>>> print(open('structure_25.tsv').read())   # TSV, C-alpha atoms and all ligand atoms
chain	number	residue	atom	x	y	z
N	1468	MET	CA	0.00	0.00	0.00
N	1469	HIS	CA	2.83	2.38	0.74
N	1470	GLU	CA	4.91	1.37	-2.27
N	1471	VAL	CA	4.87	4.97	-3.54
N	1472	SER	CA	6.56	6.40	-0.47
N	1473	VAL	CA	8.98	3.49	-0.18
N	1474	ALA	CA	9.89	3.99	-3.85
N	1475	GLN	CA	10.44	7.68	-3.17
N	1476	THR	CA	12.82	6.88	-0.30
N	1477	ILE	CA	14.74	4.46	-2.52
N	1478	ILE	CA	14.94	7.00	-5.35
N	1479	ASP	CA	16.30	9.66	-2.98
N	1480	ALA	CA	19.07	7.32	-1.79
N	1481	VAL	CA	19.84	6.16	-5.34
N	1482	MET	CA	20.03	9.71	-6.73
N	1483	ASN	CA	22.24	10.76	-3.84
N	1484	GLU	CA	24.68	7.95	-4.44
N	1485	ALA	CA	24.68	8.51	-8.22
N	1486	LYS	CA	25.52	12.15	-7.68
N	1487	GLU	CA	28.31	11.34	-5.24
N	1488	GLN	CA	29.73	8.88	-7.75
N	1489	LYS	CA	29.51	11.50	-10.52
N	1490	ALA	CA	27.42	9.10	-12.59
N	1491	VAL	CA	26.19	10.25	-15.99
N	1492	LYS	CA	23.74	7.41	-16.21
N	1493	ILE	CA	22.08	4.94	-13.85
N	1494	LEU	CA	21.77	1.60	-15.60
N	1495	GLY	CA	20.23	-0.41	-12.82
N	1496	VAL	CA	19.10	-0.64	-9.23
N	1497	THR	CA	19.27	-3.80	-7.12
N	1498	LEU	CA	17.12	-4.24	-4.05
N	1499	ALA	CA	16.74	-7.05	-1.56
N	1500	LEU	CA	13.28	-7.24	-0.02
N	1501	GLY	CA	12.28	-9.37	2.94
N	1502	GLU	CA	9.37	-11.58	1.98
N	1503	LEU	CA	7.53	-10.69	5.20
N	1504	THR	CA	7.40	-6.98	4.42
N	1505	MET	CA	4.06	-5.85	3.12
N	1506	ILE	CA	5.59	-4.67	-0.13
N	1507	ASN	CA	4.31	-5.73	-3.51
N	1508	THR	CA	7.39	-6.21	-5.71
N	1509	GLU	CA	5.66	-5.55	-9.03
N	1510	GLN	CA	4.34	-2.26	-7.71
N	1511	ILE	CA	7.66	-1.20	-6.31
N	1512	VAL	CA	9.39	-1.85	-9.65
N	1513	PHE	CA	6.68	0.12	-11.43
N	1514	TRP	CA	6.99	3.12	-9.11
N	1515	ILE	CA	10.77	3.20	-9.14
N	1516	GLN	CA	10.84	3.11	-12.93
N	1517	SER	CA	8.19	5.81	-13.08
N	1518	PHE	CA	10.20	8.08	-10.78
N	1519	LEU	CA	13.30	7.49	-12.89
N	1520	GLU	CA	11.62	8.69	-16.08
N	1521	GLY	CA	13.14	11.95	-17.23
N	1522	THR	CA	16.24	11.47	-15.04
N	1523	ILE	CA	19.67	9.95	-15.69
N	1524	GLY	CA	18.09	6.70	-14.55
N	1525	GLU	CA	15.40	6.51	-17.23
N	1526	GLY	CA	15.11	2.94	-18.51
N	1527	ALA	CA	17.23	1.44	-15.73
N	1528	PHE	CA	16.57	-2.16	-14.77
N	1529	VAL	CA	15.23	-2.82	-11.28
N	1530	ASN	CA	16.41	-6.11	-9.92
N	1531	ILE	CA	14.75	-7.51	-6.81
N	1532	GLU	CA	16.25	-10.26	-4.70
N	1533	THR	CA	14.15	-11.94	-2.02
N	1534	ILE	CA	15.28	-12.35	1.56
N	1535	HIS	CA	13.53	-15.39	2.94
N	1536	GLY	CA	11.59	-15.19	6.15
N	1537	LYS	CA	13.04	-16.95	9.17
N	1538	VAL	CA	11.75	-17.40	12.69
N	1539	GLN	CA	13.66	-18.19	15.83
N	1540	CYS	CA	11.90	-20.33	18.40
N	1541	ASN	CA	11.53	-19.06	21.95
N	1542	LYS	CA	11.25	-22.66	23.20
N	1543	CYS	CA	14.10	-24.52	21.45
N	1544	ASN	CA	16.04	-21.53	20.02
N	1545	VAL	CA	16.33	-23.15	16.60
N	1546	VAL	CA	16.06	-20.87	13.55
N	1547	THR	CA	13.89	-22.25	10.77
N	1548	ASP	CA	12.46	-21.02	7.47
N	1549	VAL	CA	8.99	-19.52	7.46
N	1550	PHE	CA	6.80	-21.63	5.23
N	1551	ILE	CA	5.00	-19.36	2.82
N	1552	GLU	CA	1.94	-20.23	0.88
N	1553	ASP	CA	1.67	-18.06	-2.21
N	1554	ASP	CA	-1.80	-17.91	-3.70
N	1555	GLY	CA	-0.16	-17.50	-7.11
N	1556	ILE	CA	-2.47	-14.71	-8.20
N	1557	SER	CA	-1.80	-11.57	-6.19
N	1558	HIS	CA	1.36	-13.00	-4.58
N	1559	TYR	CA	-0.16	-12.04	-1.30
N	1560	ILE	CA	1.68	-14.14	1.19
N	1561	ILE	CA	0.22	-16.41	3.85
N	1562	PRO	CA	3.12	-17.25	6.14
N	1563	ASP	CA	3.21	-19.93	8.80
N	1564	PHE	CA	5.36	-18.88	11.76
N	1565	THR	CA	5.40	-22.27	13.49
N	1566	CYS	CA	8.85	-23.45	14.59
N	1567	GLY	CA	10.04	-25.94	11.96
N	1568	HIS	CA	11.88	-27.88	14.63
N	1569	CYS	CA	9.57	-28.33	17.64
N	1570	LYS	CA	6.31	-27.00	16.13
N	1571	SER	CA	5.92	-24.34	18.82
N	1572	LYS	CA	4.02	-21.18	17.83
N	1573	ASN	CA	6.08	-19.17	20.26
N	1574	THR	CA	8.58	-17.76	17.78
N	1575	PHE	CA	9.80	-14.40	16.61
N	1576	ILE	CA	10.67	-13.19	13.15
N	1577	CYS	CA	14.46	-12.87	12.86
N	1578	GLN	CA	14.74	-12.37	9.11
N	1579	GLY	CA	12.52	-11.25	6.28
N	1580	ARG	CA	11.48	-7.71	7.21
N	1581	GLU	CA	14.36	-5.92	5.43
N	1582	MET	CA	14.16	-3.47	2.55
N	1583	ILE	CA	17.75	-3.14	1.41
N	1584	ILE	CA	19.05	-0.97	-1.40
N	1585	LYS	CA	21.93	-3.25	-2.38
N	1586	GLY	CA	23.50	-1.11	-5.04
N	1587	ILE	CA	23.36	0.59	-8.38
N	1588	ARG	CA	25.00	0.08	-11.75
N	1589	ILE	CA	26.18	3.35	-13.21
N	1590	GLU	CA	28.09	4.84	-16.09
N	1591	ARG	CA	30.61	7.57	-15.36
V	764	MET	CA	34.45	6.49	-23.25
V	765	HIS	CA	32.02	5.81	-20.42
V	766	LYS	CA	32.87	3.25	-17.82
V	767	VAL	CA	30.22	1.01	-16.27
V	768	SER	CA	30.59	0.11	-12.62
V	769	ASP	CA	28.59	-1.43	-9.81
V	770	VAL	CA	28.38	0.64	-6.66
V	771	LYS	CA	27.42	-0.98	-3.36
V	772	ILE	CA	24.93	0.89	-1.17
V	773	GLY	CA	23.72	-1.75	1.29
V	774	GLN	CA	21.28	0.51	3.08
V	775	ASP	CA	18.28	-1.04	4.82
V	776	ILE	CA	15.56	1.58	4.67
V	777	MET	CA	13.66	-0.21	7.43
V	778	LYS	CA	16.62	0.45	9.70
V	779	ILE	CA	15.92	4.18	9.53
V	780	ASN	CA	12.49	3.53	11.03
V	781	LYS	CA	13.89	1.08	13.59
V	782	LYS	CA	16.48	3.63	14.72
V	783	ILE	CA	13.88	6.38	15.20
V	784	ALA	CA	11.55	3.91	16.95
V	785	ALA	CA	14.36	3.05	19.38
V	786	ASP	CA	14.88	6.76	20.07
V	787	ASN	CA	11.14	7.25	20.66
V	788	ASN	CA	11.15	4.26	23.01
V	789	ALA	CA	14.06	5.71	24.98
V	790	PHE	CA	12.17	9.00	25.27
V	791	PHE	CA	9.03	7.22	26.53
V	792	ASN	CA	11.05	5.24	29.08
V	793	ALA	CA	12.86	8.32	30.32
V	794	ASN	CA	9.45	9.95	30.89
V	795	ARG	CA	7.89	6.75	32.29
V	796	ILE	CA	5.16	6.71	29.66
V	797	THR	CA	3.59	3.39	28.66
V	798	VAL	CA	2.71	3.50	24.98
V	799	PHE	CA	0.01	1.50	23.21
V	800	ASN	CA	0.08	1.28	19.41
V	801	VAL	CA	-3.56	0.62	18.54
V	802	MET	CA	-3.69	-0.82	15.05
V	803	GLY	CA	-6.57	-2.53	13.33
V	804	ALA	CA	-9.10	-2.65	10.58
V	805	ILE	CA	-10.81	0.49	9.38
V	806	GLY	CA	-13.95	1.20	11.41
V	807	SER	CA	-13.36	-1.76	13.74
V	808	GLY	CA	-13.76	0.34	16.91
V	809	LYS	CA	-10.25	1.58	17.69
V	810	THR	CA	-11.47	5.03	18.70
V	811	CYS	CA	-14.39	3.63	20.76
V	812	LEU	CA	-12.07	1.28	22.67
V	813	ILE	CA	-9.59	4.03	23.45
V	814	GLU	CA	-12.43	6.38	24.49
V	815	ASN	CA	-13.73	3.70	26.81
V	816	ALA	CA	-10.29	3.15	28.33
V	817	ILE	CA	-9.83	6.90	28.83
V	818	ASP	CA	-13.09	7.18	30.77
V	819	ARG	CA	-12.17	4.28	33.04
V	820	LEU	CA	-8.55	5.31	33.60
V	821	LYS	CA	-8.40	9.07	33.54
V	822	ASP	CA	-8.96	9.49	37.26
V	823	SER	CA	-5.93	7.35	38.06
V	824	PHE	CA	-3.60	8.16	35.17
V	825	SER	CA	-2.60	11.12	33.07
V	826	ILE	CA	-3.43	10.14	29.48
V	827	ALA	CA	-2.51	11.46	26.05
V	828	VAL	CA	-3.60	10.28	22.61
V	829	VAL	CA	-1.98	10.54	19.23
V	830	ALA	CA	-4.82	10.39	16.73
V	831	GLY	CA	-3.33	9.16	13.49
V	832	ASP	CA	-5.54	9.05	10.46
V	833	VAL	CA	-5.53	10.17	6.86
V	834	VAL	CA	-7.60	13.06	8.19
V	835	ALA	CA	-7.03	13.15	11.94
V	836	LYS	CA	-9.56	15.84	12.84
V	837	PHE	CA	-12.57	13.58	13.31
V	838	ASP	CA	-11.08	11.17	15.82
V	839	SER	CA	-9.08	13.87	17.62
V	840	ASP	CA	-12.28	15.84	18.28
V	841	ARG	CA	-13.81	12.70	19.80
V	842	PHE	CA	-10.81	12.18	22.10
V	843	ALA	CA	-10.65	15.85	23.09
V	844	ALA	CA	-14.24	15.61	24.35
V	845	HIS	CA	-12.95	13.25	27.06
V	846	GLY	CA	-10.67	15.92	28.46
V	847	VAL	CA	-7.32	14.36	27.58
V	848	LYS	CA	-4.33	15.74	25.73
V	849	VAL	CA	-4.72	14.97	22.01
V	850	ILE	CA	-2.06	15.24	19.32
V	851	PRO	CA	-3.59	14.89	15.86
V	852	VAL	CA	-1.37	13.45	13.13
V	853	SER	CA	-2.81	13.62	9.64
V	854	THR	CA	-0.94	11.18	7.45
V	855	GLY	CA	-2.46	12.44	4.21
V	856	LYS	CA	-1.90	9.86	1.50
V	857	GLU	CA	0.19	7.72	3.81
V	858	CYS	CA	-1.55	4.52	4.87
V	859	HIS	CA	0.29	4.01	8.17
V	860	LEU	CA	2.07	5.86	10.94
V	861	ASP	CA	5.83	5.44	11.14
V	862	ALA	CA	8.32	6.28	13.87
V	863	HIS	CA	9.18	9.58	12.20
V	864	PHE	CA	5.55	10.81	12.42
V	865	ILE	CA	5.60	9.99	16.15
V	866	GLU	CA	8.97	11.67	16.71
V	867	HIS	CA	7.53	14.89	15.26
V	868	ALA	CA	4.21	14.51	17.02
V	869	ILE	CA	5.81	14.44	20.47
V	870	GLU	CA	8.59	16.94	19.95
V	871	GLY	CA	7.73	20.23	21.53
V	872	GLU	CA	4.87	18.65	23.51
V	873	ASP	CA	5.10	18.62	27.27
V	874	MET	CA	4.96	14.88	27.94
V	875	HIS	CA	6.73	14.42	31.23
V	876	ASN	CA	3.55	14.16	33.32
V	877	ILE	CA	1.94	11.64	31.00
V	878	ASP	CA	1.54	8.04	32.22
V	879	ILE	CA	-0.21	6.45	29.25
V	880	LEU	CA	-0.03	7.32	25.57
V	881	PHE	CA	-2.47	5.71	23.16
V	882	ILE	CA	-1.51	5.96	19.51
V	883	GLU	CA	-4.40	5.25	17.17
V	884	ASN	CA	-2.83	4.05	13.94
V	885	VAL	CA	-4.37	4.43	10.49
V	886	GLY	CA	-7.08	1.81	9.96
V	887	ASN	CA	-5.56	-0.98	7.89
V	888	LEU	CA	-4.26	-4.45	8.65
V	889	ILE	CA	-1.44	-4.45	6.15
V	890	CYS	CA	1.35	-1.96	6.47
V	891	PRO	CA	1.29	-0.73	10.10
V	892	SER	CA	2.90	-4.09	10.90
V	893	ASP	CA	6.03	-3.00	9.00
V	894	PHE	CA	6.60	0.07	11.16
V	895	ASP	CA	7.43	0.00	14.85
V	896	LEU	CA	6.71	3.33	16.52
V	897	GLY	CA	8.67	2.81	19.73
V	898	GLU	CA	5.60	1.53	21.61
V	899	HIS	CA	5.58	-0.94	24.49
V	900	VAL	CA	2.34	-2.69	23.63
V	901	LYS	CA	0.94	-3.66	20.24
V	902	VAL	CA	-2.85	-3.82	20.05
V	903	VAL	CA	-4.77	-5.01	16.99
V	904	VAL	CA	-8.53	-4.41	16.76
V	905	VAL	CA	-10.77	-6.25	14.35
V	906	SER	CA	-14.52	-6.55	14.42
V	907	VAL	CA	-16.89	-9.31	13.45
V	908	SER	CA	-18.28	-7.21	10.61
V	909	GLU	CA	-15.05	-7.63	8.66
V	910	GLY	CA	-15.98	-11.32	8.37
V	911	ASP	CA	-14.44	-14.12	10.35
V	912	ASP	CA	-11.72	-14.88	7.79
V	913	ILE	CA	-10.14	-11.47	8.34
V	914	VAL	CA	-7.47	-12.72	10.78
V	915	LEU	CA	-6.19	-15.50	8.55
V	916	LYS	CA	-6.05	-13.08	5.62
V	917	HIS	CA	-3.61	-10.84	7.51
V	918	PRO	CA	-1.48	-13.16	9.64
V	919	VAL	CA	1.60	-10.95	9.80
V	920	ILE	CA	0.01	-8.18	11.87
V	921	PHE	CA	-1.21	-10.69	14.47
V	922	LYS	CA	2.25	-12.19	14.91
V	923	ASN	CA	3.88	-10.92	18.11
V	924	THR	CA	0.88	-8.73	18.86
V	925	ASP	CA	0.36	-8.35	22.60
V	926	ILE	CA	-3.42	-8.28	22.38
V	927	THR	CA	-6.00	-8.80	19.67
V	928	ILE	CA	-9.44	-7.38	20.34
V	929	VAL	CA	-12.34	-8.89	18.46
V	930	ASN	CA	-14.94	-6.15	18.76
V	931	LYS	CA	-18.65	-5.71	17.95
V	932	ILE	CA	-19.52	-9.21	19.18
V	933	ASP	CA	-23.05	-7.84	19.79
V	934	ILE	CA	-23.67	-7.99	16.04
V	935	ALA	CA	-21.85	-11.29	15.34
V	936	GLU	CA	-25.06	-13.23	14.78
V	937	PHE	CA	-26.44	-10.62	12.36
V	938	VAL	CA	-23.35	-10.71	10.18
V	939	GLY	CA	-22.96	-14.48	10.50
V	940	ALA	CA	-19.43	-14.35	11.89
V	941	SER	CA	-17.90	-16.47	14.62
V	942	ALA	CA	-15.97	-14.40	17.14
V	943	LYS	CA	-14.62	-17.65	18.58
V	944	LYS	CA	-13.05	-18.54	15.21
V	945	MET	CA	-11.44	-15.11	15.00
V	946	SER	CA	-10.03	-15.53	18.49
V	947	ASP	CA	-8.65	-19.01	17.71
V	948	ASP	CA	-7.12	-17.71	14.48
V	949	ALA	CA	-5.37	-14.84	16.27
V	950	TYR	CA	-3.81	-17.30	18.74
V	951	THR	CA	-2.80	-19.51	15.81
V	952	CYS	CA	-1.03	-16.56	14.21
V	953	GLY	CA	1.02	-16.07	17.36
V	954	CYS	CA	-0.90	-13.34	19.17
V	955	LYS	CA	-0.33	-13.51	22.92
V	956	TYR	CA	-3.79	-12.64	24.24
V	957	VAL	CA	-7.25	-12.20	22.75
V	958	LEU	CA	-10.32	-10.42	24.11
V	959	LEU	CA	-13.85	-10.41	22.74
V	960	THR	CA	-15.57	-7.07	23.27
V	961	SER	CA	-18.62	-5.02	22.50
V	962	CYS	CA	-18.40	-1.28	22.95
V	963	LYS	CA	-22.19	-1.14	22.59
V	964	ARG	CA	-23.11	-3.80	25.16
V	965	GLY	CA	-20.06	-3.54	27.38
V	966	ASP	CA	-18.73	-7.10	27.06
V	967	GLY	CA	-15.01	-7.46	27.74
V	968	LEU	CA	-14.39	-3.80	28.48
V	969	LYS	CA	-13.43	-4.48	32.09
V	970	ASP	CA	-10.85	-6.96	30.85
V	971	TRP	CA	-9.53	-4.42	28.33
V	972	ASN	CA	-9.17	-1.96	31.17
V	973	ALA	CA	-7.44	-4.55	33.36
V	974	PHE	CA	-5.06	-5.45	30.54
V	975	ILE	CA	-4.01	-1.81	30.16
V	976	LYS	CA	-3.40	-1.46	33.90
V	977	GLU	CA	-1.32	-4.64	33.95
V	978	GLN	CA	0.81	-3.38	31.09
V	979	VAL	CA	1.38	-0.05	32.79
V	980	ALA	CA	2.28	-1.78	36.06
V	981	GLY	CA	4.65	-4.16	34.26
V	982	ASN	CA	6.36	-1.27	32.50
V	983	ARG	CA	7.16	0.66	35.65
A	1	LIG	N1	-22.54	-2.58	17.13
A	1	LIG	C1	-21.38	-2.10	17.51
A	1	LIG	N2	-20.88	-0.99	16.93
A	1	LIG	C2	-19.69	-0.53	17.33
A	1	LIG	C3	-18.93	-1.19	18.34
A	1	LIG	N3	-17.77	-0.52	18.50
A	1	LIG	C4	-17.79	0.52	17.65
A	1	LIG	N4	-18.96	0.53	16.94
A	1	LIG	C5	-19.35	1.49	15.91
A	1	LIG	O1	-18.50	1.30	14.79
A	1	LIG	C6	-18.24	2.55	14.16
A	1	LIG	C7	-16.75	2.78	14.05
A	1	LIG	O2	-16.18	2.92	15.34
A	1	LIG	P1	-14.83	3.71	15.58
A	1	LIG	O3	-14.47	3.60	17.01
A	1	LIG	O4	-14.92	5.06	15.00
A	1	LIG	O5	-13.85	2.82	14.71
A	1	LIG	P2	-12.34	3.12	14.27
A	1	LIG	O6	-11.66	1.80	14.19
A	1	LIG	O7	-11.73	4.14	15.17
A	1	LIG	O8	-12.54	3.72	12.81
A	1	LIG	P3	-11.45	4.48	11.88
A	1	LIG	O9	-10.61	5.33	12.78
A	1	LIG	O10	-12.27	5.24	10.91
A	1	LIG	O11	-10.66	3.37	11.21
A	1	LIG	C8	-18.94	3.61	14.98
A	1	LIG	O12	-20.16	3.91	14.37
A	1	LIG	C9	-19.13	2.93	16.32
A	1	LIG	O13	-20.25	3.43	17.03
A	1	LIG	C10	-19.48	-2.37	18.94
A	1	LIG	O14	-18.89	-3.00	19.81
A	1	LIG	N5	-20.70	-2.78	18.48
A	2	MG	MG	-10.79	5.91	14.68
A	3	ZN	ZN	11.20	-24.75	18.42
A	4	ZN	ZN	1.44	2.03	4.66
>>> encode(input="structure_25.tsv", output="structure tokens", more="lines below")
Ligand SMILES: Nc1nc2c(ncn2[C@@H]2O[C@H](COP(=O)(O)OP(=O)(O)OP(=O)(O)O)[C@@H](O)[C@H]2O)c(=O)[nH]1
Ligand SMILES: [Mg+2]
Ligand SMILES: [Zn+2]
Ligand SMILES: [Zn+2]
Amino acid sequence: MHEVSVAQTIIDAVMNEAKEQKAVKILGVTLALGELTMINTEQIVFWIQSFLEGTIGEGAFVNIETIHGKVQCNKCNVVTDVFIEDDGISHYIIPDFTCGHCKSKNTFICQGREMIIKGIRIER
Amino acid sequence: MHKVSDVKIGQDIMKINKKIAADNNAFFNANRITVFNVMGAIGSGKTCLIENAIDRLKDSFSIAVVAGDVVAKFDSDRFAAHGVKVIPVSTGKECHLDAHFIEHAIEGEDMHNIDILFIENVGNLICPSDFDLGEHVKVVVVSVSEGDDIVLKHPVIFKNTDITIVNKIDIAEFVGASAKKMSDDAYTCGCKYVLLTSCKRGDGLKDWNAFIKEQVAGNR
């Protein structure tokens, strides 16, 4: 839902870095998004590319890597992957936070809520 | 000839929010304020539940409310009528509060006599879960009129929530929803405690009040 403002934050950081690097063109942007963030990847790509129109980044590729969700168990301490059921249509995720080791529900999310701007490809 | 190169940035934009949330939390602790982030579905009864808590608690505690909404005026007028300090935060097109909104809301406000701060978040079960505000207690409010599948459709926000309130149980039979199912689902998603309430009939409101007092006592 807030893809527009997230995209704006990313664009600000990207433009800043491009300027510092004295880039004449931005060829690409690579992000790593936690799969438990409420961010729709198709929308984020759309908004970033829209914001880049008319700038040195027009036409840049936007590459998105996924950071898998992990939970750590408060009972047995083991870290296991969050099982995610994807409905295949809207890619709206239905995660299961049960500990993969002892099946306890008493877990906390230790990975998968990141929104990382990994880097940019530029021409100088 | 232009040279192509890859430049590493490695910045987690969620960390910016986490950092500000930690600062807010430190401020609240320094001022001994217990903060409730009241999230939940649109129209589920967030304002009614906070109003009810204010009336029961205002003789014993000094209370303030941050009324966050796309247009904050309506809810902040309701809170102000209960004689508590209200800080309206209009988020405009933004669909959630973040730690930065809260940082600005409290700066310049005299907060050091406040015991309890309720933050009413923007009504939506999706993105508020991405943004910690620096609160001590996470509350999620849903009502039976959203349909009893609503919890399973939004499992992330119920994970690690301190309390889920299933409200409007007075109308459950008219909308054909099972409050019991919603409660079970919230526990399944990892919520720590669930209450069934009706702001109209009064069910569960004593327990809501007791929960708040317990949290304040535990935070001291
Ligand atoms: N029948 C019934 N109606 C309720 C109950 N609680 C709240 N309402 C009504 O539901 C409507 C919405 O209540 P609010 O407290 O404004 O809900 P909210 O979650 O703050 O709404 P937004 O801030 O707009 O998202 C109002 O008309 C309330 O009178 C309840 O327990 N039973
Ligand atoms: Mg409200
Ligand atoms: Zn375990
Ligand atoms: Zn949002």
>>> residues_near_ligand(input="structure_25.tsv", ligand="ligand ZN 3 (chain A)", cutoff="6 Å", atoms="only C-alpha atoms and all ligand atoms", output="MDAnalysis selection string")
chainID N and resid 1540 1542:1543 1545 1566 1568:1571
>>> closest_atom_pairs(input="structure_25.tsv", of="chain V", to="ligand LIG 1 (chain A)", cutoff="6 Å", atoms="all atoms listed in the file", output="JSON lines")
{"residue": "V:Ile805", "atom": "CA", "partner": "A:LIG1", "partner_atom": "O11", "distance": 3.4}
{"residue": "V:Gly806", "atom": "CA", "partner": "A:LIG1", "partner_atom": "O8", "distance": 3.2}
{"residue": "V:Ser807", "atom": "CA", "partner": "A:LIG1", "partner_atom": "O6", "distance": 4.0}
{"residue": "V:Gly808", "atom": "CA", "partner": "A:LIG1", "partner_atom": "O5", "distance": 3.3}
{"residue": "V:Lys809", "atom": "CA", "partner": "A:LIG1", "partner_atom": "O6", "distance": 3.8}
{"residue": "V:Thr810", "atom": "CA", "partner": "A:LIG1", "partner_atom": "O7", "distance": 3.6}
{"residue": "V:Cys811", "atom": "CA", "partner": "A:LIG1", "partner_atom": "O3", "distance": 3.8}
{"residue": "V:Gly886", "atom": "CA", "partner": "A:LIG1", "partner_atom": "O11", "distance": 4.1}
{"residue": "V:Asn930", "atom": "CA", "partner": "A:LIG1", "partner_atom": "O14", "distance": 5.2}
{"residue": "V:Lys931", "atom": "CA", "partner": "A:LIG1", "partner_atom": "O14", "distance": 3.3}
{"residue": "V:Asp933", "atom": "CA", "partner": "A:LIG1", "partner_atom": "N5", "distance": 5.7}
{"residue": "V:Ile934", "atom": "CA", "partner": "A:LIG1", "partner_atom": "N1", "distance": 5.6}
{"residue": "V:Ser961", "atom": "CA", "partner": "A:LIG1", "partner_atom": "O14", "distance": 3.4}
{"residue": "V:Cys962", "atom": "CA", "partner": "A:LIG1", "partner_atom": "O14", "distance": 3.6}
{"residue": "V:Lys963", "atom": "CA", "partner": "A:LIG1", "partner_atom": "N5", "distance": 4.7}
>>> residues_around(input="structure_25.tsv", residues="Asn923 (chain V)", least_positions_apart="5", cutoff="8 Å", atoms="all atoms listed in the file", output="list in words")
Phe1575 of chain N; Gly953, Cys954 and Lys955 of chain V
>>> residues_near_ligand(input="structure_25.tsv", ligand="ligand MG 2 (chain A)", cutoff="10 Å", atoms="all atoms listed in the file", output="PyMOL selection string")
chain V and resi 801-814+830-832+835+837-839+841-842+883-886
>>> closest_residue(input="structure_25.tsv", among="V:Val849, V:Ala784, V:Cys952, V:Leu915", to="Phe894 (chain V)", atoms="only C-alpha atoms")
V:Ala784
>>> atom_distance(input="structure_25.tsv", atom1="CA of Glu1487 (chain N)", atom2="CA of Glu1525 (chain N)")
18.3 Å
>>> closest_residue(input="structure_25.tsv", among="N:Gly1526, N:Gly1501, N:Gly1521, N:Gly1567", to="chain V", atoms="all atoms listed in the file")
N:Gly1501
>>> residues_around(input="structure_25.tsv", residues="Glu1484 (chain N)", least_positions_apart="6", cutoff="9 Å", atoms="only C-alpha atoms", output="NGL selection string")
(:N and (1490 or 1587)) or (:V and (770 or 772))
>>> build_atoms(input="structure_25.tsv", residues="region 815-828 of chain V", atoms="N, CA and C atoms", output="PDB file, in the frame of the given file")
ATOM      1  N   ASN V 815     -13.271   4.430  25.644  1.00  0.00           N
ATOM      2  CA  ASN V 815     -13.730   3.700  26.810  1.00  0.00           C
ATOM      3  C   ASN V 815     -12.633   3.582  27.866  1.00  0.00           C
ATOM      4  N   ALA V 816     -11.430   3.278  27.394  1.00  0.00           N
ATOM      5  CA  ALA V 816     -10.290   3.150  28.330  1.00  0.00           C
ATOM      6  C   ALA V 816     -10.009   4.489  29.008  1.00  0.00           C
ATOM      7  N   ILE V 817     -10.092   5.568  28.253  1.00  0.00           N
ATOM      8  CA  ILE V 817      -9.830   6.900  28.830  1.00  0.00           C
ATOM      9  C   ILE V 817     -10.796   7.159  29.991  1.00  0.00           C
ATOM     10  N   ASP V 818     -12.091   6.895  29.744  1.00  0.00           N
ATOM     11  CA  ASP V 818     -13.090   7.180  30.770  1.00  0.00           C
ATOM     12  C   ASP V 818     -12.854   6.367  32.043  1.00  0.00           C
ATOM     13  N   ARG V 819     -12.397   5.121  31.869  1.00  0.00           N
ATOM     14  CA  ARG V 819     -12.170   4.280  33.040  1.00  0.00           C
ATOM     15  C   ARG V 819     -10.869   4.608  33.763  1.00  0.00           C
ATOM     16  N   LEU V 820      -9.901   5.162  33.031  1.00  0.00           N
ATOM     17  CA  LEU V 820      -8.550   5.310  33.600  1.00  0.00           C
ATOM     18  C   LEU V 820      -8.149   6.736  33.936  1.00  0.00           C
ATOM     19  N   LYS V 821      -8.924   7.704  33.455  1.00  0.00           N
ATOM     20  CA  LYS V 821      -8.400   9.070  33.540  1.00  0.00           C
ATOM     21  C   LYS V 821      -8.332   9.639  34.952  1.00  0.00           C
ATOM     22  N   ASP V 822      -9.075   9.026  35.888  1.00  0.00           N
ATOM     23  CA  ASP V 822      -8.960   9.490  37.260  1.00  0.00           C
ATOM     24  C   ASP V 822      -7.669   9.011  37.931  1.00  0.00           C
ATOM     25  N   SER V 823      -7.144   7.905  37.450  1.00  0.00           N
ATOM     26  CA  SER V 823      -5.930   7.350  38.060  1.00  0.00           C
ATOM     27  C   SER V 823      -4.651   7.663  37.281  1.00  0.00           C
ATOM     28  N   PHE V 824      -4.786   7.941  35.995  1.00  0.00           N
ATOM     29  CA  PHE V 824      -3.600   8.160  35.170  1.00  0.00           C
ATOM     30  C   PHE V 824      -3.749   9.423  34.328  1.00  0.00           C
ATOM     31  N   SER V 825      -2.594  10.001  34.003  1.00  0.00           N
ATOM     32  CA  SER V 825      -2.600  11.120  33.070  1.00  0.00           C
ATOM     33  C   SER V 825      -2.410  10.537  31.661  1.00  0.00           C
ATOM     34  N   ILE V 826      -3.368  10.831  30.779  1.00  0.00           N
ATOM     35  CA  ILE V 826      -3.430  10.140  29.480  1.00  0.00           C
ATOM     36  C   ILE V 826      -3.286  11.130  28.330  1.00  0.00           C
ATOM     37  N   ALA V 827      -2.564  10.701  27.297  1.00  0.00           N
ATOM     38  CA  ALA V 827      -2.510  11.460  26.050  1.00  0.00           C
ATOM     39  C   ALA V 827      -2.805  10.519  24.891  1.00  0.00           C
ATOM     40  N   VAL V 828      -3.284  11.099  23.791  1.00  0.00           N
ATOM     41  CA  VAL V 828      -3.600  10.280  22.610  1.00  0.00           C
ATOM     42  C   VAL V 828      -2.994  10.920  21.379  1.00  0.00           C
TER      43      VAL V 828
END
